[in-house]
$ cat input.tsv   # TSV, C-alpha atoms
chain	number	residue	atom	x	y	z
F	1	MET	CA	22.18	-2.89	28.70
F	2	ILE	CA	23.13	-1.27	25.41
F	3	PRO	CA	20.57	0.45	23.15
F	4	ILE	CA	18.73	-1.79	20.68
F	5	SER	CA	17.63	-0.46	17.27
F	6	VAL	CA	15.80	-1.56	14.11
F	7	LEU	CA	17.02	-1.92	10.53
F	8	ASP	CA	14.11	-2.04	8.08
F	9	LEU	CA	14.36	-2.95	4.40
F	10	ALA	CA	10.65	-2.19	3.88
F	11	PRO	CA	10.02	-5.71	2.53
F	12	VAL	CA	7.47	-6.12	-0.24
F	13	ILE	CA	5.85	-9.50	0.29
F	14	GLU	CA	4.32	-11.76	-2.33
F	15	GLY	CA	0.79	-10.59	-3.16
F	16	LYS	CA	1.29	-7.07	-1.77
F	17	THR	CA	2.57	-3.70	-3.00
F	18	PRO	CA	5.21	-1.17	-1.94
F	19	ALA	CA	2.38	0.88	-0.42
F	20	ASP	CA	1.60	-2.07	1.84
F	21	ALA	CA	5.29	-2.29	2.73
F	22	PHE	CA	5.38	1.37	3.78
F	23	HIS	CA	2.27	0.98	5.93
F	24	ASN	CA	3.83	-2.06	7.60
F	25	SER	CA	7.05	-0.16	8.19
F	26	LEU	CA	5.19	2.66	9.91
F	27	SER	CA	3.32	0.12	12.03
F	28	LEU	CA	6.59	-1.52	13.06
F	29	ALA	CA	8.20	1.86	13.82
F	30	GLN	CA	5.30	2.90	16.02
F	31	HIS	CA	5.45	-0.37	17.92
F	32	ALA	CA	9.25	-0.16	18.17
F	33	GLU	CA	8.95	3.31	19.66
F	34	ALA	CA	6.49	2.05	22.27
F	35	TRP	CA	8.71	-0.93	23.08
F	36	GLY	CA	11.77	1.24	23.73
F	37	TYR	CA	13.89	0.76	20.62
F	38	HIS	CA	16.43	3.54	20.17
F	39	ARG	CA	16.61	4.06	16.37
F	40	TYR	CA	14.70	3.05	13.27
F	41	TRP	CA	16.84	2.99	10.14
F	42	LEU	CA	15.93	2.31	6.50
F	43	ALA	CA	18.26	1.06	3.79
F	44	GLU	CA	18.77	2.25	0.22
F	45	HIS	CA	18.54	-0.46	-2.45
F	46	HIS	CA	17.62	-0.15	-6.11
F	47	ASN	CA	16.04	-2.43	-8.70
F	48	MET	CA	15.04	-4.99	-6.05
F	49	PRO	CA	11.33	-5.85	-6.17
F	50	GLY	CA	11.31	-7.05	-2.56
F	51	ILE	CA	12.75	-3.86	-1.04
F	52	ALA	CA	10.66	-0.68	-1.15
F	53	SER	CA	13.00	1.85	0.51
F	54	ALA	CA	14.86	3.04	-2.62
F	55	ALA	CA	13.86	6.69	-2.02
F	56	THR	CA	15.26	6.45	1.48
F	57	SER	CA	14.94	10.05	2.62
F	58	VAL	CA	11.28	10.11	1.54
F	59	VAL	CA	10.47	7.00	3.56
F	60	ILE	CA	12.40	8.40	6.55
F	61	GLY	CA	10.13	11.45	6.45
F	62	TYR	CA	7.06	9.22	6.39
F	63	ILE	CA	8.28	7.20	9.39
F	64	ALA	CA	9.41	10.25	11.36
F	65	GLY	CA	6.08	11.96	10.69
F	66	GLY	CA	4.21	8.99	12.12
F	67	THR	CA	6.31	8.67	15.28
F	68	ARG	CA	7.24	11.06	18.06
F	69	THR	CA	10.45	10.16	19.90
F	70	ILE	CA	12.39	7.35	18.20
F	71	ARG	CA	15.41	8.39	16.14
F	72	VAL	CA	14.91	7.76	12.42
F	73	GLY	CA	17.62	7.55	9.80
F	74	SER	CA	19.39	5.79	6.98
F	75	GLY	CA	21.19	2.51	7.25
F	76	GLY	CA	22.24	3.72	4.90
F	77	VAL	CA	22.20	6.22	2.11
F	78	MET	CA	24.64	4.97	-0.54
F	79	LEU	CA	26.60	8.16	-1.05
F	80	PRO	CA	28.23	7.11	-4.36
F	81	ASN	CA	24.73	7.32	-5.90
F	82	HIS	CA	24.22	10.97	-4.94
F	83	SER	CA	25.62	14.45	-4.84
F	84	PRO	CA	26.72	15.34	-1.28
F	85	LEU	CA	24.88	18.66	-1.59
F	86	VAL	CA	21.58	16.94	-2.45
F	87	ILE	CA	21.91	14.59	0.53
F	88	ALA	CA	22.74	17.55	2.79
F	89	GLU	CA	19.61	19.34	1.59
F	90	GLN	CA	17.43	16.25	2.04
F	91	PHE	CA	18.64	15.49	5.54
F	92	GLY	CA	18.76	19.16	6.45
F	93	THR	CA	15.08	19.24	5.53
F	94	LEU	CA	14.37	16.15	7.64
F	95	ALA	CA	16.32	17.56	10.59
F	96	SER	CA	14.39	20.83	10.31
F	97	LEU	CA	11.07	18.99	10.35
F	98	TYR	CA	12.03	16.49	13.07
F	99	PRO	CA	14.77	18.19	15.14
F	100	GLY	CA	16.99	15.98	17.24
F	101	ARG	CA	15.69	12.75	15.69
F	102	ILE	CA	17.42	12.28	12.33
F	103	ASP	CA	20.54	10.16	11.65
F	104	LEU	CA	22.50	9.98	8.40
F	105	GLY	CA	24.22	6.64	7.91
F	106	LEU	CA	26.42	6.52	4.81
F	107	GLY	CA	27.49	3.52	2.76
F	108	ARG	CA	30.08	3.23	0.00
F	109	ALA	CA	28.49	0.46	-2.10
F	110	PRO	CA	25.93	1.28	-4.81
F	111	GLY	CA	23.20	-0.82	-3.14
F	112	THR	CA	22.43	-2.51	-6.44
F	113	ASP	CA	23.98	-4.18	-9.49
F	114	GLN	CA	26.43	-2.39	-11.76
F	115	ARG	CA	23.94	-1.88	-14.61
F	116	THR	CA	21.48	-0.20	-12.26
F	117	ALA	CA	24.28	1.90	-10.78
F	118	ARG	CA	24.95	3.26	-14.25
F	119	ALA	CA	21.24	4.00	-14.63
F	120	LEU	CA	21.56	6.11	-11.49
F	121	ARG	CA	23.96	8.24	-13.59
F	122	ARG	CA	26.93	7.43	-11.41
F	123	ASP	CA	30.24	5.78	-12.21
F	124	PRO	CA	30.41	3.19	-9.40
F	125	HIS	CA	34.20	2.85	-9.39
F	126	GLU	CA	34.92	6.57	-9.59
F	127	SER	CA	32.24	7.37	-7.00
F	128	ALA	CA	33.56	4.80	-4.53
F	129	GLU	CA	37.08	6.16	-4.92
F	130	ARG	CA	35.75	9.64	-4.21
F	131	PHE	CA	33.83	8.49	-1.12
F	132	PRO	CA	36.15	9.94	1.58
F	133	ASN	CA	36.13	13.38	-0.06
F	134	ASP	CA	32.36	13.22	-0.50
F	135	VAL	CA	31.95	12.43	3.21
F	136	LEU	CA	34.09	15.44	4.12
F	137	GLU	CA	32.12	17.66	1.73
F	138	LEU	CA	28.81	16.46	3.15
F	139	ARG	CA	30.03	16.99	6.69
F	140	GLU	CA	30.97	20.59	5.88
F	141	TYR	CA	27.46	21.35	4.61
F	142	PHE	CA	26.10	20.70	8.12
F	143	GLU	CA	28.56	23.10	9.76
F	144	PRO	CA	27.64	26.75	10.47
F	145	GLU	CA	27.70	28.91	7.37
F	146	GLN	CA	30.94	30.86	6.91
F	147	PRO	CA	31.23	34.46	5.62
F	148	GLY	CA	31.55	34.45	1.86
F	149	GLN	CA	30.62	30.79	1.55
F	150	ALA	CA	29.53	30.32	-2.05
F	151	ILE	CA	27.67	27.00	-1.76
F	152	ARG	CA	25.49	26.12	1.20
F	153	ALA	CA	22.86	23.54	2.04
F	154	VAL	CA	19.49	25.22	2.56
F	155	PRO	CA	18.29	23.81	4.87
F	156	GLY	CA	21.25	21.98	6.37
F	157	ALA	CA	23.89	24.54	7.34
F	158	GLY	CA	24.46	24.59	11.09
F	159	LEU	CA	22.17	21.64	11.82
F	160	ALA	CA	24.96	19.18	12.68
F	161	VAL	CA	23.03	16.12	11.49
F	162	PRO	CA	24.80	13.08	13.02
F	163	ILE	CA	26.78	11.19	10.38
F	164	TRP	CA	27.57	7.48	10.69
F	165	LEU	CA	29.78	5.40	8.44
F	166	LEU	CA	28.48	1.96	7.54
F	167	GLY	CA	30.56	-0.91	6.30
F	168	SER	CA	30.89	-4.60	5.56
F	169	SER	CA	34.68	-4.55	5.15
F	170	LEU	CA	37.61	-2.68	6.72
F	171	PHE	CA	37.55	0.49	4.59
F	172	SER	CA	34.77	2.34	6.41
F	173	ALA	CA	36.11	1.22	9.79
F	174	GLN	CA	39.39	2.95	9.00
F	175	LEU	CA	37.69	6.06	7.63
F	176	ALA	CA	35.29	6.32	10.58
F	177	ALA	CA	38.24	6.06	12.96
F	178	ALA	CA	40.23	8.72	11.09
F	179	LEU	CA	37.28	11.14	10.99
F	180	GLY	CA	36.07	10.45	14.54
F	181	LEU	CA	32.63	9.26	13.46
F	182	PRO	CA	30.38	6.49	14.82
F	183	PHE	CA	30.64	3.20	12.92
F	184	ALA	CA	28.08	0.50	12.10
F	185	PHE	CA	29.01	-2.92	10.71
F	186	ALA	CA	26.69	-5.00	8.52
F	187	SER	CA	27.30	-8.36	10.20
F	188	HIS	CA	23.77	-9.44	9.27
F	189	PHE	CA	24.98	-10.18	5.73
F	190	ALA	CA	28.79	-9.83	5.85
F	191	PRO	CA	30.09	-11.51	9.02
F	192	ASP	CA	33.67	-12.32	8.05
F	193	LEU	CA	35.43	-9.07	8.97
F	194	LEU	CA	33.29	-7.98	11.92
F	195	MET	CA	35.85	-8.50	14.68
F	196	GLN	CA	38.74	-7.14	12.65
F	197	ALA	CA	36.76	-4.06	11.63
F	198	LEU	CA	35.79	-3.34	15.24
F	199	ALA	CA	39.40	-3.75	16.38
F	200	ILE	CA	40.70	-1.39	13.69
F	201	TYR	CA	38.01	1.19	14.40
F	202	ARG	CA	38.69	1.22	18.15
F	203	SER	CA	42.48	1.15	17.95
F	204	ARG	CA	42.77	3.91	15.34
F	205	PHE	CA	39.96	6.19	16.52
F	206	GLN	CA	40.76	9.91	16.55
F	207	PRO	CA	38.48	12.07	18.73
F	208	SER	CA	36.55	14.74	16.85
F	209	PRO	CA	34.01	17.48	17.58
F	210	ASP	CA	31.38	14.86	16.72
F	211	LEU	CA	32.59	12.07	18.99
F	212	ALA	CA	35.04	11.90	21.89
F	213	LYS	CA	35.49	8.12	21.89
F	214	PRO	CA	34.64	5.21	19.59
F	215	TYR	CA	31.00	4.23	19.25
F	216	ALA	CA	30.37	0.99	17.38
F	217	MET	CA	27.13	-0.66	16.35
F	218	ALA	CA	26.62	-4.03	14.64
F	219	CYS	CA	23.54	-5.46	12.97
F	220	VAL	CA	22.28	-9.05	13.21
F	221	SER	CA	19.20	-10.80	11.90
F	222	VAL	CA	16.78	-12.04	14.55
F	223	PHE	CA	13.84	-14.38	14.03
F	224	ALA	CA	11.97	-14.76	17.31
F	225	ALA	CA	8.79	-16.70	18.03
F	226	ALA	CA	7.15	-18.73	20.78
F	227	THR	CA	9.24	-21.79	19.96
F	228	ASP	CA	12.53	-22.55	18.23
F	229	ASP	CA	10.70	-24.48	15.50
F	230	GLU	CA	8.30	-21.61	14.77
F	231	ALA	CA	11.20	-19.16	14.58
F	232	ARG	CA	13.08	-21.42	12.16
F	233	LEU	CA	9.97	-21.50	9.98
F	234	LEU	CA	9.85	-17.70	9.91
F	235	SER	CA	13.49	-17.54	8.83
F	236	THR	CA	12.85	-19.51	5.64
F	237	SER	CA	11.40	-16.42	3.91
F	238	MET	CA	14.72	-14.65	4.31
F	239	GLN	CA	16.58	-17.78	3.19
F	240	GLN	CA	14.59	-17.84	-0.04
F	241	GLN	CA	15.34	-14.15	-0.56
F	242	PHE	CA	19.04	-14.80	0.00
F	243	ILE	CA	19.17	-17.63	-2.53
F	244	ASN	CA	17.25	-15.66	-5.17
F	245	LEU	CA	19.57	-12.68	-4.73
F	246	ARG	CA	22.66	-14.86	-5.07
F	247	ARG	CA	21.22	-16.36	-8.24
F	248	GLY	CA	20.66	-12.91	-9.70
F	249	THR	CA	16.87	-13.19	-9.56
F	250	PRO	CA	15.76	-10.93	-6.69
F	251	GLY	CA	12.03	-10.98	-6.07
F	252	LEU	CA	9.29	-10.41	-3.53
F	253	LEU	CA	9.60	-11.80	-0.02
F	254	GLN	CA	8.07	-15.29	-0.14
F	255	PRO	CA	5.91	-17.14	2.41
F	256	PRO	CA	7.81	-19.42	4.81
F	257	LEU	CA	8.43	-23.04	3.88
F	258	ASP	CA	7.73	-26.08	6.03
F	259	SER	CA	10.73	-27.73	4.38
F	260	THR	CA	13.70	-26.30	2.49
F	261	GLU	CA	14.48	-29.65	0.88
F	262	GLY	CA	15.45	-29.02	-2.74
F	263	LEU	CA	15.59	-25.23	-2.26
F	264	TRP	CA	19.33	-24.97	-2.76
F	265	SER	CA	22.48	-26.77	-3.74
F	266	PRO	CA	24.91	-27.84	-0.99
F	267	MET	CA	27.17	-24.91	-1.93
F	268	GLU	CA	24.30	-22.42	-1.77
F	269	ARG	CA	23.21	-23.74	1.60
F	270	ALA	CA	26.74	-23.50	2.97
F	271	GLY	CA	26.97	-19.93	1.73
F	272	MET	CA	23.67	-19.00	3.34
F	273	GLU	CA	24.62	-20.60	6.66
F	274	HIS	CA	27.96	-18.81	6.65
F	275	THR	CA	26.38	-15.46	5.86
F	276	MET	CA	23.87	-15.97	8.70
F	277	MET	CA	26.47	-17.12	11.24
F	278	TYR	CA	25.49	-14.34	13.66
F	279	ALA	CA	21.73	-14.65	13.15
F	280	VAL	CA	19.67	-15.41	16.25
F	281	THR	CA	16.69	-17.70	15.65
F	282	GLY	CA	14.46	-19.17	18.32
F	283	SER	CA	12.24	-18.84	21.36
F	284	PRO	CA	12.53	-15.94	23.84
F	285	ALA	CA	15.06	-17.90	25.91
F	286	THR	CA	17.12	-18.74	22.81
F	287	VAL	CA	17.02	-15.14	21.62
F	288	ARG	CA	18.04	-13.83	25.03
F	289	ARG	CA	21.08	-16.10	25.10
F	290	GLY	CA	21.99	-15.37	21.49
F	291	ILE	CA	21.85	-11.61	21.83
F	292	ALA	CA	23.75	-11.68	25.12
F	293	ALA	CA	26.50	-13.82	23.59
F	294	PHE	CA	26.86	-11.53	20.57
F	295	VAL	CA	27.01	-8.37	22.68
F	296	GLU	CA	29.56	-9.91	25.04
F	297	SER	CA	31.80	-11.23	22.28
F	298	THR	CA	31.85	-7.97	20.29
F	299	GLY	CA	31.71	-5.34	23.04
F	300	ILE	CA	29.52	-3.20	20.78
F	301	ASP	CA	27.92	-0.02	22.09
F	302	GLU	CA	24.61	-0.59	20.30
F	303	LEU	CA	22.85	-3.49	18.58
F	304	MET	CA	20.70	-3.19	15.46
F	305	ILE	CA	18.16	-5.87	14.60
F	306	ALA	CA	17.06	-6.86	11.09
F	307	GLY	CA	14.20	-9.27	10.45
F	308	GLN	CA	12.87	-10.14	6.99
F	309	ILE	CA	9.67	-11.90	8.08
F	310	TYR	CA	6.77	-12.52	5.70
F	311	ASP	CA	3.77	-12.17	8.01
F	312	HIS	CA	3.50	-8.70	9.51
F	313	ALA	CA	1.96	-9.89	12.78
F	314	ALA	CA	4.77	-12.42	13.18
F	315	ARG	CA	7.32	-9.70	12.39
F	316	LEU	CA	5.87	-7.46	15.07
F	317	HIS	CA	5.87	-10.33	17.55
F	318	SER	CA	9.53	-11.07	16.78
F	319	TYR	CA	10.57	-7.51	17.57
F	320	GLU	CA	8.36	-7.52	20.65
F	321	ILE	CA	10.15	-10.61	21.95
F	322	VAL	CA	13.51	-8.88	21.45
F	323	ALA	CA	12.18	-5.88	23.35
F	324	ASP	CA	10.97	-8.11	26.19
F	325	VAL	CA	14.31	-9.91	26.61
F	326	ALA	CA	16.74	-7.08	25.74
F	327	ILE	CA	15.05	-3.74	26.44
F	328	SER	CA	12.26	-3.88	29.02
F	329	ALA	CA	13.99	-6.62	31.00
F	330	PRO	CA	17.70	-6.12	30.20
F	331	SER	CA	18.90	-7.91	33.33
F	332	ALA	CA	17.57	-11.12	31.78
F	333	LEU	CA	20.49	-11.00	29.33
F	334	HIS	CA	22.92	-11.59	32.20
F	335	ARG	CA	21.19	-14.56	33.83
$ encode --input "input.tsv" --output "structure tokens"
Amino acid sequence: MIPISVLDLAPVIEGKTPADAFHNSLSLAQHAEAWGYHRYWLAEHHNMPGIASAATSVVIGYIAGGTRTIRVGSGGVMLPNHSPLVIAEQFGTLASLYPGRIDLGLGRAPGTDQRTARALRRDPHESAERFPNDVLELREYFEPEQPGQAIRAVPGAGLAVPIWLLGSSLFSAQLAAALGLPFAFASHFAPDLLMQALAIYRSRFQPSPDLAKPYAMACVSVFAAATDDEARLLSTSMQQQFINLRRGTPGLLQPPLDSTEGLWSPMERAGMEHTMMYAVTGSPATVRRGIAAFVESTGIDELMIAGQIYDHAARLHSYEIVADVAISAPSALHR
């Protein structure tokens, strides 16, 4: 079976603080490590009260320091918000502290609204246009230092931190293929172009010193519980978060709802259901079938699981169920 990994948005739940979110993230990472998950990635978002991982590299250090073997990284760092040299220094520092365990996933979007992007002192349009050159510059900072090199990442030079390109459209698939880098697709919130992006990435891939053949990962949301009904209940917290974000009123992650009647308009509900078309929600048997079907249909090399679940114990149990059906007993996926 393919490796299974975790995408964490460090959710801040109603009635709690970002500090609570970080403690919960470390708890989940430690459990994920024990259950056999391969990676634990955190995502950069800004000006979103329900997501605590804005200072992504700092949180990565916290998670890596509290674990021993699981790979820890960014899913991703939004490179248009940063200088490539600063990111090289940050991840060079992380790789020096936790050798062989740090991944650098890069995204092209700002990870926020346009007003906040400007507050980050970046021109979103110009930065996105410059993204390919910034990736190349960042990649060079991790190569061995050359004689007479005027600018170097200290630490960073020679550490060969693995770089991934992340995407929700076709642009990063094409760039990852051209540069010979691993590629991760955000099908947990942008399902439409998944298959086309994977096809482009695989067909146009150029081998590089980093990667001899294509390596593709996709992310899906999973809500697992003892029964299908209990899992559907858990998923309503994420549904509320989705609707609030679409309405321009992002907030804390809300408790689950027994009924979503009156929560949304028919158009909003259709949009949510379309966005979540690859989500897997249900009992262990349902989750096993859903994950197996997604892996078979996409042919991905690795699967990443996201799960915005309000109750921390229920969130842990959801990831434990995935581990039981897809990691510790992988043959179950082929029954």
$ residues_around --input "input.tsv" --residues "range 6-14 of chain F" --least-positions-apart "6" --cutoff "6 Å" --atoms "all atoms listed in the file" --output "number ranges by chain"
F: 21, 25, 40-43, 50-53, 252-254, 304-306
$ write_last_selection --input "input.tsv" --atoms "C-alpha atoms" --output "short mmCIF file (atom, residue, chain, number, x, y, z; two decimals), keeping the file's coordinate frame"
data_model
loop_
_atom_site.label_atom_id
_atom_site.label_comp_id
_atom_site.auth_asym_id
_atom_site.auth_seq_id
_atom_site.Cartn_x
_atom_site.Cartn_y
_atom_site.Cartn_z
CA ALA F 21 5.29 -2.29 2.73
CA SER F 25 7.05 -0.16 8.19
CA TYR F 40 14.70 3.05 13.27
CA TRP F 41 16.84 2.99 10.14
CA LEU F 42 15.93 2.31 6.50
CA ALA F 43 18.26 1.06 3.79
CA GLY F 50 11.31 -7.05 -2.56
CA ILE F 51 12.75 -3.86 -1.04
CA ALA F 52 10.66 -0.68 -1.15
CA SER F 53 13.00 1.85 0.51
CA LEU F 252 9.29 -10.41 -3.53
CA LEU F 253 9.60 -11.80 -0.02
CA GLN F 254 8.07 -15.29 -0.14
CA MET F 304 20.70 -3.19 15.46
CA ILE F 305 18.16 -5.87 14.60
CA ALA F 306 17.06 -6.86 11.09
#
$ closest_atom_pairs --input "input.tsv" --of "range 157-244 of chain F" --to "range 74-88 of chain F" --cutoff "9 Å" --atoms "all atoms listed in the file" --output "JSON lines"
{"residue": "F:Ala157", "atom": "CA", "partner": "F:Ala88", "partner_atom": "CA", "distance": 8.4}
{"residue": "F:Val161", "atom": "CA", "partner": "F:Ala88", "partner_atom": "CA", "distance": 8.8}
{"residue": "F:Trp164", "atom": "CA", "partner": "F:Gly76", "partner_atom": "CA", "distance": 8.7}
{"residue": "F:Leu165", "atom": "CA", "partner": "F:Gly76", "partner_atom": "CA", "distance": 8.5}
{"residue": "F:Leu166", "atom": "CA", "partner": "F:Gly76", "partner_atom": "CA", "distance": 7.0}
{"residue": "F:Ala184", "atom": "CA", "partner": "F:Gly75", "partner_atom": "CA", "distance": 8.7}
$ write_last_selection --input "input.tsv" --atoms "C-alpha atoms" --output "JSON list (two decimals), keeping the file's coordinate frame"
[["chain", "number", "residue", "atom", "x", "y", "z"],
["F", 157, "ALA", "CA", 23.89, 24.54, 7.34],
["F", 161, "VAL", "CA", 23.03, 16.12, 11.49],
["F", 164, "TRP", "CA", 27.57, 7.48, 10.69],
["F", 165, "LEU", "CA", 29.78, 5.40, 8.44],
["F", 166, "LEU", "CA", 28.48, 1.96, 7.54],
["F", 184, "ALA", "CA", 28.08, 0.50, 12.10]]
$ residues_around --input "input.tsv" --residues "Gln239 in chain F" --least-positions-apart "4" --cutoff "8 Å" --atoms "only C-alpha atoms" --output "PyMOL selection string"
chain F and resi 235+243+272
$ atom_distance --input "input.tsv" --atom1 "CA of Pro191 in chain F" --atom2 "CA of Arg269 in chain F"
15.9 Å
$ residues_around --input "input.tsv" --residues "Gly307 in chain F" --least-positions-apart "2" --cutoff "6 Å" --atoms "only C-alpha atoms" --output "list in words"
Ser221, Val222 and Ile309 of chain F
$ atom_distance --input "input.tsv" --atom1 "CA of Arg232 in chain F" --atom2 "CA of Pro256 in chain F"
9.3 Å
$ closest_residue --input "input.tsv" --among "F:Thr67, F:Glu296, F:Phe185, F:Asn244" --to "Met48 in chain F" --atoms "all atoms listed in the file"
F:Asn244
$ atom_distance --input "input.tsv" --atom1 "CA of Phe205 in chain F" --atom2 "CA of Asp134 in chain F"
19.9 Å
$ build_atoms --input "input.tsv" --residues "range 263-290 of chain F" --atoms "N, CA and C atoms" --output "PDB file, in the frame of the given file"
ATOM      1  N   LEU F 263      15.563 -26.683  -2.023  1.00  0.00           N
ATOM      2  CA  LEU F 263      15.590 -25.230  -2.260  1.00  0.00           C
ATOM      3  C   LEU F 263      16.922 -24.776  -2.817  1.00  0.00           C
ATOM      4  N   TRP F 264      18.001 -25.443  -2.426  1.00  0.00           N
ATOM      5  CA  TRP F 264      19.330 -24.970  -2.760  1.00  0.00           C
ATOM      6  C   TRP F 264      20.292 -26.137  -2.978  1.00  0.00           C
ATOM      7  N   SER F 265      21.394 -25.804  -3.605  1.00  0.00           N
ATOM      8  CA  SER F 265      22.480 -26.770  -3.740  1.00  0.00           C
ATOM      9  C   SER F 265      23.268 -26.787  -2.425  1.00  0.00           C
ATOM     10  N   PRO F 266      24.080 -27.821  -2.196  1.00  0.00           N
ATOM     11  CA  PRO F 266      24.910 -27.840  -0.990  1.00  0.00           C
ATOM     12  C   PRO F 266      25.786 -26.597  -0.860  1.00  0.00           C
ATOM     13  N   MET F 267      26.313 -26.109  -1.971  1.00  0.00           N
ATOM     14  CA  MET F 267      27.170 -24.910  -1.930  1.00  0.00           C
ATOM     15  C   MET F 267      26.356 -23.675  -1.541  1.00  0.00           C
ATOM     16  N   GLU F 268      25.151 -23.562  -2.108  1.00  0.00           N
ATOM     17  CA  GLU F 268      24.300 -22.420  -1.770  1.00  0.00           C
ATOM     18  C   GLU F 268      23.901 -22.459  -0.298  1.00  0.00           C
ATOM     19  N   ARG F 269      23.587 -23.635   0.198  1.00  0.00           N
ATOM     20  CA  ARG F 269      23.210 -23.740   1.600  1.00  0.00           C
ATOM     21  C   ARG F 269      24.377 -23.373   2.510  1.00  0.00           C
ATOM     22  N   ALA F 270      25.566 -23.839   2.173  1.00  0.00           N
ATOM     23  CA  ALA F 270      26.740 -23.500   2.970  1.00  0.00           C
ATOM     24  C   ALA F 270      26.994 -21.996   2.967  1.00  0.00           C
ATOM     25  N   GLY F 271      26.795 -21.376   1.805  1.00  0.00           N
ATOM     26  CA  GLY F 271      26.970 -19.930   1.730  1.00  0.00           C
ATOM     27  C   GLY F 271      25.964 -19.184   2.567  1.00  0.00           C
ATOM     28  N   MET F 272      24.707 -19.640   2.542  1.00  0.00           N
ATOM     29  CA  MET F 272      23.670 -19.000   3.340  1.00  0.00           C
ATOM     30  C   MET F 272      23.973 -19.155   4.837  1.00  0.00           C
ATOM     31  N   GLU F 273      24.350 -20.361   5.250  1.00  0.00           N
ATOM     32  CA  GLU F 273      24.620 -20.600   6.660  1.00  0.00           C
ATOM     33  C   GLU F 273      25.817 -19.783   7.142  1.00  0.00           C
ATOM     34  N   HIS F 274      26.811 -19.631   6.273  1.00  0.00           N
ATOM     35  CA  HIS F 274      27.960 -18.810   6.650  1.00  0.00           C
ATOM     36  C   HIS F 274      27.571 -17.345   6.779  1.00  0.00           C
ATOM     37  N   THR F 275      26.820 -16.857   5.813  1.00  0.00           N
ATOM     38  CA  THR F 275      26.380 -15.460   5.860  1.00  0.00           C
ATOM     39  C   THR F 275      25.568 -15.180   7.116  1.00  0.00           C
ATOM     40  N   MET F 276      24.757 -16.135   7.542  1.00  0.00           N
ATOM     41  CA  MET F 276      23.870 -15.970   8.700  1.00  0.00           C
ATOM     42  C   MET F 276      24.501 -16.476   9.991  1.00  0.00           C
ATOM     43  N   MET F 277      25.813 -16.529  10.086  1.00  0.00           N
ATOM     44  CA  MET F 277      26.470 -17.120  11.240  1.00  0.00           C
ATOM     45  C   MET F 277      26.146 -16.380  12.548  1.00  0.00           C
ATOM     46  N   TYR F 278      25.825 -15.099  12.457  1.00  0.00           N
ATOM     47  CA  TYR F 278      25.490 -14.340  13.660  1.00  0.00           C
ATOM     48  C   TYR F 278      23.979 -14.209  13.885  1.00  0.00           C
ATOM     49  N   ALA F 279      23.182 -14.756  12.992  1.00  0.00           N
ATOM     50  CA  ALA F 279      21.730 -14.650  13.150  1.00  0.00           C
ATOM     51  C   ALA F 279      21.281 -15.375  14.412  1.00  0.00           C
ATOM     52  N   VAL F 280      20.237 -14.819  15.036  1.00  0.00           N
ATOM     53  CA  VAL F 280      19.670 -15.410  16.250  1.00  0.00           C
ATOM     54  C   VAL F 280      18.250 -15.844  15.915  1.00  0.00           C
ATOM     55  N   THR F 281      17.983 -17.135  16.052  1.00  0.00           N
ATOM     56  CA  THR F 281      16.690 -17.700  15.650  1.00  0.00           C
ATOM     57  C   THR F 281      16.182 -18.603  16.756  1.00  0.00           C
ATOM     58  N   GLY F 282      14.991 -18.273  17.308  1.00  0.00           N
ATOM     59  CA  GLY F 282      14.460 -19.170  18.320  1.00  0.00           C
ATOM     60  C   GLY F 282      13.429 -18.548  19.234  1.00  0.00           C
ATOM     61  N   SER F 283      13.182 -19.241  20.327  1.00  0.00           N
ATOM     62  CA  SER F 283      12.240 -18.840  21.360  1.00  0.00           C
ATOM     63  C   SER F 283      12.803 -17.661  22.156  1.00  0.00           C
ATOM     64  N   PRO F 284      11.995 -17.038  23.027  1.00  0.00           N
ATOM     65  CA  PRO F 284      12.530 -15.940  23.840  1.00  0.00           C
ATOM     66  C   PRO F 284      13.804 -16.308  24.593  1.00  0.00           C
ATOM     67  N   ALA F 285      13.856 -17.499  25.172  1.00  0.00           N
ATOM     68  CA  ALA F 285      15.060 -17.900  25.910  1.00  0.00           C
ATOM     69  C   ALA F 285      16.259 -18.026  24.978  1.00  0.00           C
ATOM     70  N   THR F 286      16.036 -18.601  23.789  1.00  0.00           N
ATOM     71  CA  THR F 286      17.120 -18.740  22.810  1.00  0.00           C
ATOM     72  C   THR F 286      17.597 -17.373  22.337  1.00  0.00           C
ATOM     73  N   VAL F 287      16.664 -16.482  22.082  1.00  0.00           N
ATOM     74  CA  VAL F 287      17.020 -15.140  21.620  1.00  0.00           C
ATOM     75  C   VAL F 287      17.776 -14.381  22.702  1.00  0.00           C
ATOM     76  N   ARG F 288      17.341 -14.496  23.932  1.00  0.00           N
ATOM     77  CA  ARG F 288      18.040 -13.830  25.030  1.00  0.00           C
ATOM     78  C   ARG F 288      19.495 -14.279  25.102  1.00  0.00           C
ATOM     79  N   ARG F 289      19.711 -15.583  25.038  1.00  0.00           N
ATOM     80  CA  ARG F 289      21.080 -16.100  25.100  1.00  0.00           C
ATOM     81  C   ARG F 289      21.897 -15.676  23.878  1.00  0.00           C
ATOM     82  N   GLY F 290      21.274 -15.721  22.702  1.00  0.00           N
ATOM     83  CA  GLY F 290      21.990 -15.370  21.490  1.00  0.00           C
ATOM     84  C   GLY F 290      22.414 -13.913  21.447  1.00  0.00           C
TER      85      GLY F 290
END
